[in-house]
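Novice: Here you go, this is input11.txt (compact mmCIF, C-alpha atoms and all ligand atoms).
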# COMPACT_ATOMS: atom_id res chain seq x y z
CA THR L 399 131.44 217.48 103.22
CA ASP L 400 132.76 219.53 100.32
CA LEU L 401 130.95 219.26 97.01
CA TYR L 402 132.54 218.69 93.58
CA CYS L 403 131.17 217.58 90.22
CA VAL L 404 131.85 216.99 86.54
CA PHE L 405 129.79 218.85 83.93
CA GLY L 406 129.21 217.36 80.51
CA ASN L 407 126.62 216.37 77.96
CA PRO L 408 126.32 213.43 77.83
CA ILE L 409 127.64 212.61 81.30
CA ALA L 410 126.11 209.29 82.39
CA HIS L 411 129.15 207.23 81.36
CA SER L 412 131.77 209.52 82.90
CA LYS L 413 134.34 207.69 85.02
CA SER L 414 135.22 210.85 86.98
CA PRO L 415 132.82 210.22 89.91
CA LEU L 416 134.31 206.73 90.34
CA ILE L 417 137.90 207.97 90.07
CA HIS L 418 137.46 210.89 92.47
CA GLY L 419 135.48 208.69 94.85
CA LEU L 420 138.45 206.29 94.98
CA PHE L 421 140.88 209.20 95.46
CA ALA L 422 138.78 210.59 98.33
CA GLU L 423 138.54 207.22 100.05
CA GLN L 424 142.26 206.60 99.67
CA THR L 425 143.31 210.01 101.03
CA ALA L 426 140.52 210.16 103.67
CA GLN L 427 139.15 213.43 102.27
CA ALA L 428 135.56 214.24 103.17
CA LEU L 429 134.03 215.15 99.84
CA ARG L 430 131.19 214.33 97.52
CA TYR L 431 131.72 214.23 93.74
CA GLU L 432 128.79 213.88 91.38
CA ALA L 433 128.03 213.89 87.65
CA ARG L 434 125.94 216.81 86.41
CA LEU L 435 124.28 216.89 83.04
CA ALA L 436 124.27 220.48 81.75
CA PRO L 437 121.88 221.40 78.93
CA LEU L 438 123.74 222.23 75.72
CA ASP L 439 122.55 225.85 75.93
CA GLY L 440 122.76 226.16 79.71
CA PHE L 441 126.30 225.47 80.89
CA ALA L 442 126.95 228.88 82.50
CA ALA L 443 123.66 228.74 84.42
CA GLU L 444 124.47 225.26 85.78
CA VAL L 445 127.89 226.43 86.91
CA SER L 446 126.55 229.44 88.79
CA GLU L 447 123.86 227.29 90.41
CA PHE L 448 126.54 224.83 91.50
CA ALA L 449 128.63 227.66 92.94
CA GLN L 450 125.58 228.91 94.85
CA GLN L 451 125.10 225.42 96.29
CA ASN L 452 128.58 225.83 97.75
CA GLY L 453 130.33 223.70 95.12
CA ARG L 454 134.08 223.96 95.65
CA GLY L 455 135.31 222.79 92.28
CA ALA L 456 134.31 221.05 89.07
CA ASN L 457 135.67 219.18 86.12
CA VAL L 458 134.41 220.03 82.66
CA THR L 459 134.18 217.64 79.76
CA VAL L 460 132.75 217.49 76.23
CA PRO L 461 131.37 219.80 74.88
CA PHE L 462 131.91 222.57 77.45
CA LYS L 463 135.69 223.05 77.76
CA LEU L 464 135.73 226.16 75.55
CA GLU L 465 132.74 227.72 77.34
CA ALA L 466 134.41 227.00 80.66
CA PHE L 467 137.50 228.83 79.41
CA ALA L 468 135.38 231.87 78.54
CA LEU L 469 133.66 231.82 81.94
CA CYS L 470 136.75 232.00 84.16
CA ASP L 471 137.93 235.09 86.04
CA ARG L 472 141.49 233.75 86.23
CA LEU L 473 143.32 231.24 84.02
CA SER L 474 146.49 229.22 84.55
CA LYS L 475 149.20 229.33 81.89
CA ARG L 476 148.38 225.81 80.77
CA ALA L 477 144.68 226.72 80.45
CA GLU L 478 145.67 229.76 78.37
CA SER L 479 147.85 227.69 76.08
CA ALA L 480 145.24 224.93 75.75
CA GLY L 481 142.51 227.48 75.00
CA ALA L 482 140.26 225.24 77.08
CA VAL L 483 139.48 224.53 80.74
CA ASN L 484 138.75 221.14 82.32
CA THR L 485 139.15 222.11 85.98
CA LEU L 486 137.27 224.87 87.81
CA ARG L 487 137.91 226.11 91.32
CA PHE L 488 135.46 228.39 93.08
CA VAL L 489 137.29 230.83 95.32
CA ASP L 490 135.22 233.49 97.10
CA ASP L 491 133.00 234.62 94.23
CA LYS L 492 135.63 234.11 91.54
CA ILE L 493 136.17 231.19 89.16
CA GLU L 494 139.70 229.92 88.54
CA GLY L 495 140.33 227.79 85.44
CA ASP L 496 143.03 225.24 84.79
CA ASN L 497 143.68 222.49 82.28
CA THR L 498 145.14 219.23 83.57
CA ASP L 499 144.83 217.12 80.40
CA GLY L 500 148.29 217.82 79.01
CA VAL L 501 150.10 217.35 82.28
CA GLY L 502 148.11 214.14 82.80
CA LEU L 503 149.35 212.85 79.45
CA VAL L 504 152.94 213.76 80.17
CA ARG L 505 152.88 212.23 83.64
CA ASP L 506 151.43 209.00 82.31
CA ILE L 507 154.19 208.77 79.70
CA VAL L 508 157.15 209.91 81.81
CA VAL L 509 156.27 208.55 85.26
CA ASN L 510 153.92 205.62 84.70
CA ALA L 511 155.37 204.29 81.45
CA GLY L 512 158.90 205.35 82.44
CA PHE L 513 159.49 206.90 79.01
CA ALA L 514 161.56 210.11 79.14
CA ILE L 515 160.49 212.71 76.56
CA ARG L 516 163.57 214.89 76.91
CA GLY L 517 165.68 214.78 73.74
CA LYS L 518 163.19 212.61 71.86
CA ARG L 519 161.63 213.01 68.42
CA VAL L 520 157.88 213.39 68.93
CA LEU L 521 155.12 213.01 66.35
CA LEU L 522 151.84 214.57 67.50
CA ILE L 523 148.90 213.48 65.35
CA GLY L 524 145.89 215.81 65.23
CA ALA L 525 145.51 219.55 65.66
CA GLY L 526 142.21 219.92 67.50
CA GLY L 527 141.59 220.72 71.15
CA ALA L 528 143.25 217.55 72.44
CA ALA L 529 146.49 218.20 70.53
CA ARG L 530 146.57 221.84 71.54
CA GLY L 531 146.12 220.94 75.21
CA ALA L 532 149.05 218.54 75.07
CA LEU L 533 151.48 220.83 73.29
CA LEU L 534 152.85 223.12 76.03
CA PRO L 535 153.28 220.31 78.60
CA LEU L 536 155.10 218.27 75.93
CA LEU L 537 157.40 221.15 74.99
CA GLU L 538 158.23 221.72 78.65
CA GLN L 539 159.82 218.25 78.66
CA GLN L 540 162.37 219.58 76.12
CA PRO L 541 161.95 217.06 73.33
CA LYS L 542 164.41 217.24 70.44
CA SER L 543 161.55 217.95 68.02
CA VAL L 544 157.77 217.91 67.78
CA LEU L 545 156.21 217.34 64.36
CA ILE L 546 152.49 218.09 64.36
CA SER L 547 150.75 216.17 61.61
CA ASN L 548 147.10 216.65 60.78
CA ARG L 549 144.65 215.64 58.06
CA THR L 550 144.06 219.36 57.53
CA VAL L 551 147.61 220.70 57.46
CA SER L 552 146.65 224.36 57.92
CA LYS L 553 145.43 223.58 61.44
CA ALA L 554 148.77 221.97 62.30
CA GLU L 555 150.50 225.11 61.02
CA GLU L 556 148.32 227.26 63.27
CA LEU L 557 149.37 225.19 66.27
CA VAL L 558 153.03 225.59 65.36
CA ALA L 559 152.54 229.36 65.16
CA MET L 560 151.01 229.32 68.65
CA ALA L 561 153.81 227.19 70.04
CA SER L 562 156.43 229.63 68.80
CA LYS L 563 155.05 232.07 71.38
CA TRP L 564 155.68 229.62 74.25
CA THR L 565 159.08 228.23 73.44
CA SER L 566 162.31 230.08 72.99
CA GLU L 567 163.85 227.13 71.16
CA LYS L 568 163.06 227.84 67.56
CA ASP L 569 162.36 225.03 65.09
CA VAL L 570 161.47 222.50 67.80
CA CYS L 571 157.93 222.46 66.47
CA THR L 572 157.04 221.94 62.81
CA ALA L 573 153.93 220.95 60.84
CA SER L 574 153.24 218.41 58.13
CA SER L 575 150.48 216.70 56.21
CA PHE L 576 150.12 212.93 56.70
CA GLN L 577 151.63 212.22 53.27
CA ASP L 578 154.74 214.30 53.97
CA VAL L 579 155.66 212.67 57.27
CA SER L 580 159.09 211.09 56.86
CA GLY L 581 161.84 209.82 59.11
CA GLU L 582 161.58 208.00 62.42
CA PHE L 583 160.03 209.05 65.72
CA ASP L 584 160.54 207.91 69.31
CA LEU L 585 157.17 208.97 70.65
CA ILE L 586 154.04 208.96 68.49
CA ILE L 587 150.92 210.41 70.11
CA ASN L 588 147.49 210.10 68.59
CA ALA L 589 145.54 213.19 69.67
CA SER L 590 143.13 212.99 66.74
CA SER L 591 139.59 211.73 67.13
CA ALA L 592 140.14 209.00 64.52
CA SER L 593 140.13 206.27 67.18
CA LEU L 594 136.76 207.45 68.49
CA MET L 595 135.39 206.53 65.08
CA GLY L 596 137.31 203.26 64.96
CA GLU L 597 139.48 204.53 62.13
CA SER L 598 143.20 204.12 61.58
CA ILE L 599 145.44 206.94 60.41
CA ALA L 600 146.97 207.14 56.96
CA LEU L 601 150.62 207.20 58.09
CA PRO L 602 153.52 204.99 56.96
CA ASN L 603 154.49 202.14 59.30
CA THR L 604 158.16 203.01 58.82
CA LEU L 605 157.96 205.97 61.17
CA TYR L 606 158.51 203.95 64.36
CA ALA L 607 162.09 204.16 65.65
CA PRO L 608 163.52 201.22 67.62
CA GLN L 609 162.26 201.43 71.27
CA SER L 610 159.49 203.82 70.22
CA LEU L 611 156.30 204.32 72.19
CA ALA L 612 152.95 204.83 70.48
CA TYR L 613 150.34 206.50 72.68
CA ASP L 614 146.61 206.83 71.97
CA MET L 615 144.63 209.31 74.05
CA MET L 616 141.64 207.00 73.72
CA TYR L 617 141.34 203.84 75.81
CA GLY L 618 139.25 200.70 75.88
CA ALA L 619 139.23 196.94 76.34
CA GLU L 620 140.92 196.49 72.96
CA LEU L 621 143.73 198.28 71.18
CA THR L 622 142.64 201.01 68.75
CA PRO L 623 143.47 200.54 65.04
CA PHE L 624 146.26 203.11 65.49
CA LEU L 625 147.84 201.12 68.34
CA LYS L 626 147.41 197.81 66.49
CA ASN L 627 149.34 199.22 63.53
CA ALA L 628 152.04 200.53 65.84
CA GLN L 629 152.35 197.21 67.64
CA ASN L 630 152.65 195.37 64.32
CA ALA L 631 155.43 197.79 63.40
CA GLY L 632 157.31 196.80 66.56
CA SER L 633 156.48 199.80 68.73
CA MET L 634 155.53 199.70 72.41
CA VAL L 635 151.93 200.81 72.88
CA ARG L 636 149.90 202.52 75.58
CA ASP L 637 146.32 203.73 75.64
CA GLY L 638 144.86 206.80 77.35
CA LEU L 639 143.51 205.22 80.55
CA GLY L 640 146.49 206.51 82.52
CA MET L 641 146.03 210.01 81.10
CA LEU L 642 142.40 209.99 82.24
CA ILE L 643 143.42 209.05 85.77
CA GLU L 644 146.39 211.44 85.91
CA GLN L 645 144.36 214.45 84.73
CA ALA L 646 141.90 213.63 87.52
CA ALA L 647 144.72 213.29 90.07
CA GLU L 648 146.08 216.70 89.10
CA ALA L 649 142.63 218.27 89.54
CA PHE L 650 142.30 216.51 92.91
CA ALA L 651 145.67 217.90 93.97
CA ILE L 652 144.65 221.43 92.92
CA TRP L 653 141.47 221.22 94.98
CA ARG L 654 142.64 219.25 98.02
CA GLY L 655 146.40 219.80 98.20
CA VAL L 656 147.08 216.04 98.31
CA ARG L 657 148.17 213.76 95.51
CA PRO L 658 146.43 210.36 95.37
CA ASP L 659 148.16 207.11 94.46
CA THR L 660 147.11 206.63 90.84
CA GLN L 661 148.61 203.15 90.38
CA ARG L 662 145.95 201.43 92.45
CA VAL L 663 143.13 203.25 90.68
CA PHE L 664 144.70 202.40 87.33
CA ALA L 665 144.76 198.67 88.16
CA GLN L 666 141.17 198.80 89.34
CA LEU L 667 139.85 200.57 86.23
CA ARG L 668 141.89 198.43 83.87
CA GLY L 669 140.48 195.33 85.50
CA ALA L 670 136.94 196.61 85.05
CA LEU L 671 137.54 197.26 81.33
CA SER L 672 138.27 193.70 80.29
P1 LIG I 701 139.40 217.12 69.97
O1 LIG I 701 138.95 218.11 70.97
O2 LIG I 701 139.17 215.69 70.35
O3 LIG I 701 140.82 217.35 69.56
P2 LIG I 701 138.58 218.35 67.53
O4 LIG I 701 139.02 219.67 68.04
O5 LIG I 701 137.27 218.26 66.80
O6 LIG I 701 138.46 217.30 68.71
O7 LIG I 701 139.74 217.76 66.62
C1 LIG I 701 139.64 216.51 66.02
C2 LIG I 701 140.99 216.17 65.41
O8 LIG I 701 140.95 214.81 64.92
C3 LIG I 701 141.36 217.02 64.22
O9 LIG I 701 142.77 217.17 64.19
C4 LIG I 701 140.87 216.17 63.04
O10 LIG I 701 141.52 216.44 61.81
P3 LIG I 701 141.01 217.68 60.89
O11 LIG I 701 141.58 218.91 61.51
O12 LIG I 701 141.57 217.39 59.55
O13 LIG I 701 139.51 217.62 60.93
C5 LIG I 701 141.27 214.81 63.53
N1 LIG I 701 140.53 213.70 62.89
C6 LIG I 701 139.22 213.38 63.00
N2 LIG I 701 138.93 212.26 62.32
C7 LIG I 701 140.08 211.83 61.74
C8 LIG I 701 140.44 210.72 60.90
N3 LIG I 701 139.53 209.82 60.52
N4 LIG I 701 141.73 210.60 60.52
C9 LIG I 701 142.65 211.51 60.92
N5 LIG I 701 142.37 212.59 61.69
C10 LIG I 701 141.11 212.76 62.10
Please, can you express the file's structure as structure tokens?

Specialist:
Amino acid sequence: TDLYCVFGNPIAHSKSPLIHGLFAEQTAQALRYEARLAPLDGFAAEVSEFAQQNGRGANVTVPFKLEAFALCDRLSKRAESAGAVNTLRFVDDKIEGDNTDGVGLVRDIVVNAGFAIRGKRVLLIGAGGAARGALLPLLEQQPKSVLISNRTVSKAEELVAMASKWTSEKDVCTASSFQDVSGEFDLIINASSASLMGESIALPNTLYAPQSLAYDMMYGAELTPFLKNAQNAGSMVRDGLGMLIEQAAEAFAIWRGVRPDTQRVFAQLRGALS
């Protein structure tokens, strides 16, 4: 039985062991996946201990994604662009790092919600790690434009400068403060941590184009204040449960070479939320 885990602090409430357990059952893969609490000052030591115990791969969550990035011997392009790693693979005595968060988001929007991003006007709210991780996978879908809007505008500008290194299409990506956001958008993604604190975002409710989709990376039994506002403005809404499951499915595929059926797991987890 191959061994996998998720490292975090805290970790007790992580859904990853449940999700990967369901994936393993469904695909008949013989593996064990456990939650491991790493001390805040002892992430690297936990990882090397896990590798010595013959661990094959691991997910990494808050607050260790930047440390995981620094620890890797090899990085995928999407890990490089995210500046963070959420998926480790132990190969011989080397550590390979990837980041599946952004591709999980995009797959949930494009495949599960059936909302094509190509040619659309995208508003990305936030400029922290979550926004950065989403940016390259979003740009690869060839949206018409991506406006990054952040409470601290200088951080949005830094992200735009980074993005200009990844995309040949100039001017696709621009930055703005919340106050200066104008016009309509087809896809509005909340990658800020405002929802974690139960806060709404100081944006006008005129920014939702007809047939727009508002997406919050957070999920829960109830809509976040951001999604409630969007729904009141006539937008379709979707929370981040699908992103959580899709980032896990991508990690599973990297490790095991098989892609689980995420729909069934989605229905099961959604049912358990309410
Ligand atoms: P994460 O890894 O979740 O992205 P982060 O790197 O700490 O976390 O980034 C948090 C993001 O949420 C930032 O863009 C932050 O805005 P600032 O750069 O201005 O700090 C944003 N954020 C946090 N609380 C917010 C709020 N109440 N309203 C709007 N944006 C908020």

Novice: Region 511-611 of chain L near region 616-638 of chain L within 6 Å: what's each residue's closest atom pair and its distance in Å to one decimal, counting only C-alpha atoms, ordered by chain then ascending residue number, as JSON lines?

Specialist:
{"residue": "L:Ser598", "atom": "CA", "partner": "L:Pro623", "partner_atom": "CA", "distance": 5.0}
{"residue": "L:Ser610", "atom": "CA", "partner": "L:Ser633", "partner_atom": "CA", "distance": 5.2}
{"residue": "L:Leu611", "atom": "CA", "partner": "L:Met634", "partner_atom": "CA", "distance": 4.7}

Novice: Between CA of Lys413 (chain L) and CA of Pro461 (chain L), what is the spacing in Å?

Specialist: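 Separation of CA of Pro461 (chain L) and CA of Lys413 (chain L): 16.1 Å.
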
Novice: May I ask which of the residues L:Arg516, L:Lys463, L:Arg476, L:Arg454 is the closest one to ligand LIG 701 (chain I), counting all atoms listed in the file?

Specialist: L:Lys463

Novice: Grab me every residue within 8 Å of ligand LIG 701 (chain I), counting only C-alpha atoms and all ligand atoms, and send it over as number ranges by chain.

Specialist: L: 523-530, 548-551, 553-554, 589-593, 595, 597-600

Novice: CA of Lys568 (chain L) and CA of Lys475 (chain L) are how many Å apart?

Specialist: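 Going from CA of Lys568 (chain L) over to CA of Lys475 (chain L), I get 20.0 Å.
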
Novice: Measuring atom to atom with only C-alpha atoms, identify which of L:Ile546, L:Ala443, L:Leu533, L:Leu401 is nearest to Ala422 (chain L).

Specialist: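 So, comparing all the options, the nearest one is L:Leu401.
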
Novice: State, in Å with one decimal place, the distance from CA of Phe576 (chain L) to CA of Leu522 (chain L).

Specialist: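 For CA of Phe576 (chain L) relative to CA of Leu522 (chain L), the distance reads 11.1 Å.
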
Novice: Ala647 (chain L): which residues within 7 Å, counting all atoms listed in the file, same-chain residues fewer than 4 positions away excluded, as a PyMOL selection string?

Specialist: chain L and resi 643+651+657-658

Novice: Within 6 Å of Cys403 (chain L), counting all atoms listed in the file, which residues qualify if same-chain residues fewer than 2 places away don't, as a list in words?

Specialist: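 Surrounding residues, per the criterion: Tyr431, Glu432, Ala433 and Ala456 of chain L.
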
Novice: Given only C-alpha atoms as the basis, pick out the residue of L:Lys542, L:Arg519, L:Lys563, L:Arg487 nearest to Phe448 (chain L).

Specialist: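 Checking each candidate against Phe448 (chain L), we get L:Arg487 as the closest.
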
Novice: Would you mind putting N, CA and C atoms back on region 605-619 of chain L and writing the result as a short mmCIF file (atom, residue, chain, number, x, y, z; two decimals), in the coordinates of the input?

Specialist:
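Okay, this is what ended up in out-v8.cif:
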data_model
loop_
_atom_site.label_atom_id
_atom_site.label_comp_id
_atom_site.auth_asym_id
_atom_site.auth_seq_id
_atom_site.Cartn_x
_atom_site.Cartn_y
_atom_site.Cartn_z
N LEU L 605 157.59 204.80 60.37
CA LEU L 605 157.96 205.97 61.17
C LEU L 605 158.33 205.62 62.61
N TYR L 606 158.23 204.34 62.98
CA TYR L 606 158.51 203.95 64.36
C TYR L 606 160.00 203.62 64.55
N ALA L 607 160.68 204.43 65.34
CA ALA L 607 162.09 204.16 65.65
C ALA L 607 162.18 202.95 66.57
N PRO L 608 163.33 202.28 66.63
CA PRO L 608 163.52 201.22 67.62
C PRO L 608 163.24 201.78 69.03
N GLN L 609 162.60 201.00 69.90
CA GLN L 609 162.26 201.43 71.27
C GLN L 609 161.23 202.56 71.30
N SER L 610 160.47 202.72 70.22
CA SER L 610 159.49 203.82 70.22
C SER L 610 158.27 203.44 71.05
N LEU L 611 157.56 204.50 71.47
CA LEU L 611 156.30 204.32 72.19
C LEU L 611 155.19 205.01 71.41
N ALA L 612 154.14 204.26 71.10
CA ALA L 612 152.95 204.83 70.48
C ALA L 612 151.89 204.99 71.56
N TYR L 613 151.30 206.19 71.62
CA TYR L 613 150.34 206.50 72.68
C TYR L 613 149.03 206.97 72.04
N ASP L 614 147.92 206.38 72.45
CA ASP L 614 146.61 206.83 71.97
C ASP L 614 145.86 207.45 73.14
N MET L 615 145.35 208.65 72.95
CA MET L 615 144.63 209.31 74.05
C MET L 615 143.33 208.58 74.38
N MET L 616 142.84 207.78 73.44
CA MET L 616 141.64 207.00 73.72
C MET L 616 142.02 205.71 74.44
N TYR L 617 141.06 205.10 75.13
CA TYR L 617 141.34 203.84 75.81
C TYR L 617 140.13 202.92 75.68
N GLY L 618 140.35 201.66 75.94
CA GLY L 618 139.25 200.70 75.88
C GLY L 618 139.75 199.30 76.16
N ALA L 619 138.86 198.33 76.07
CA ALA L 619 139.23 196.94 76.34
C ALA L 619 140.20 196.44 75.28
#
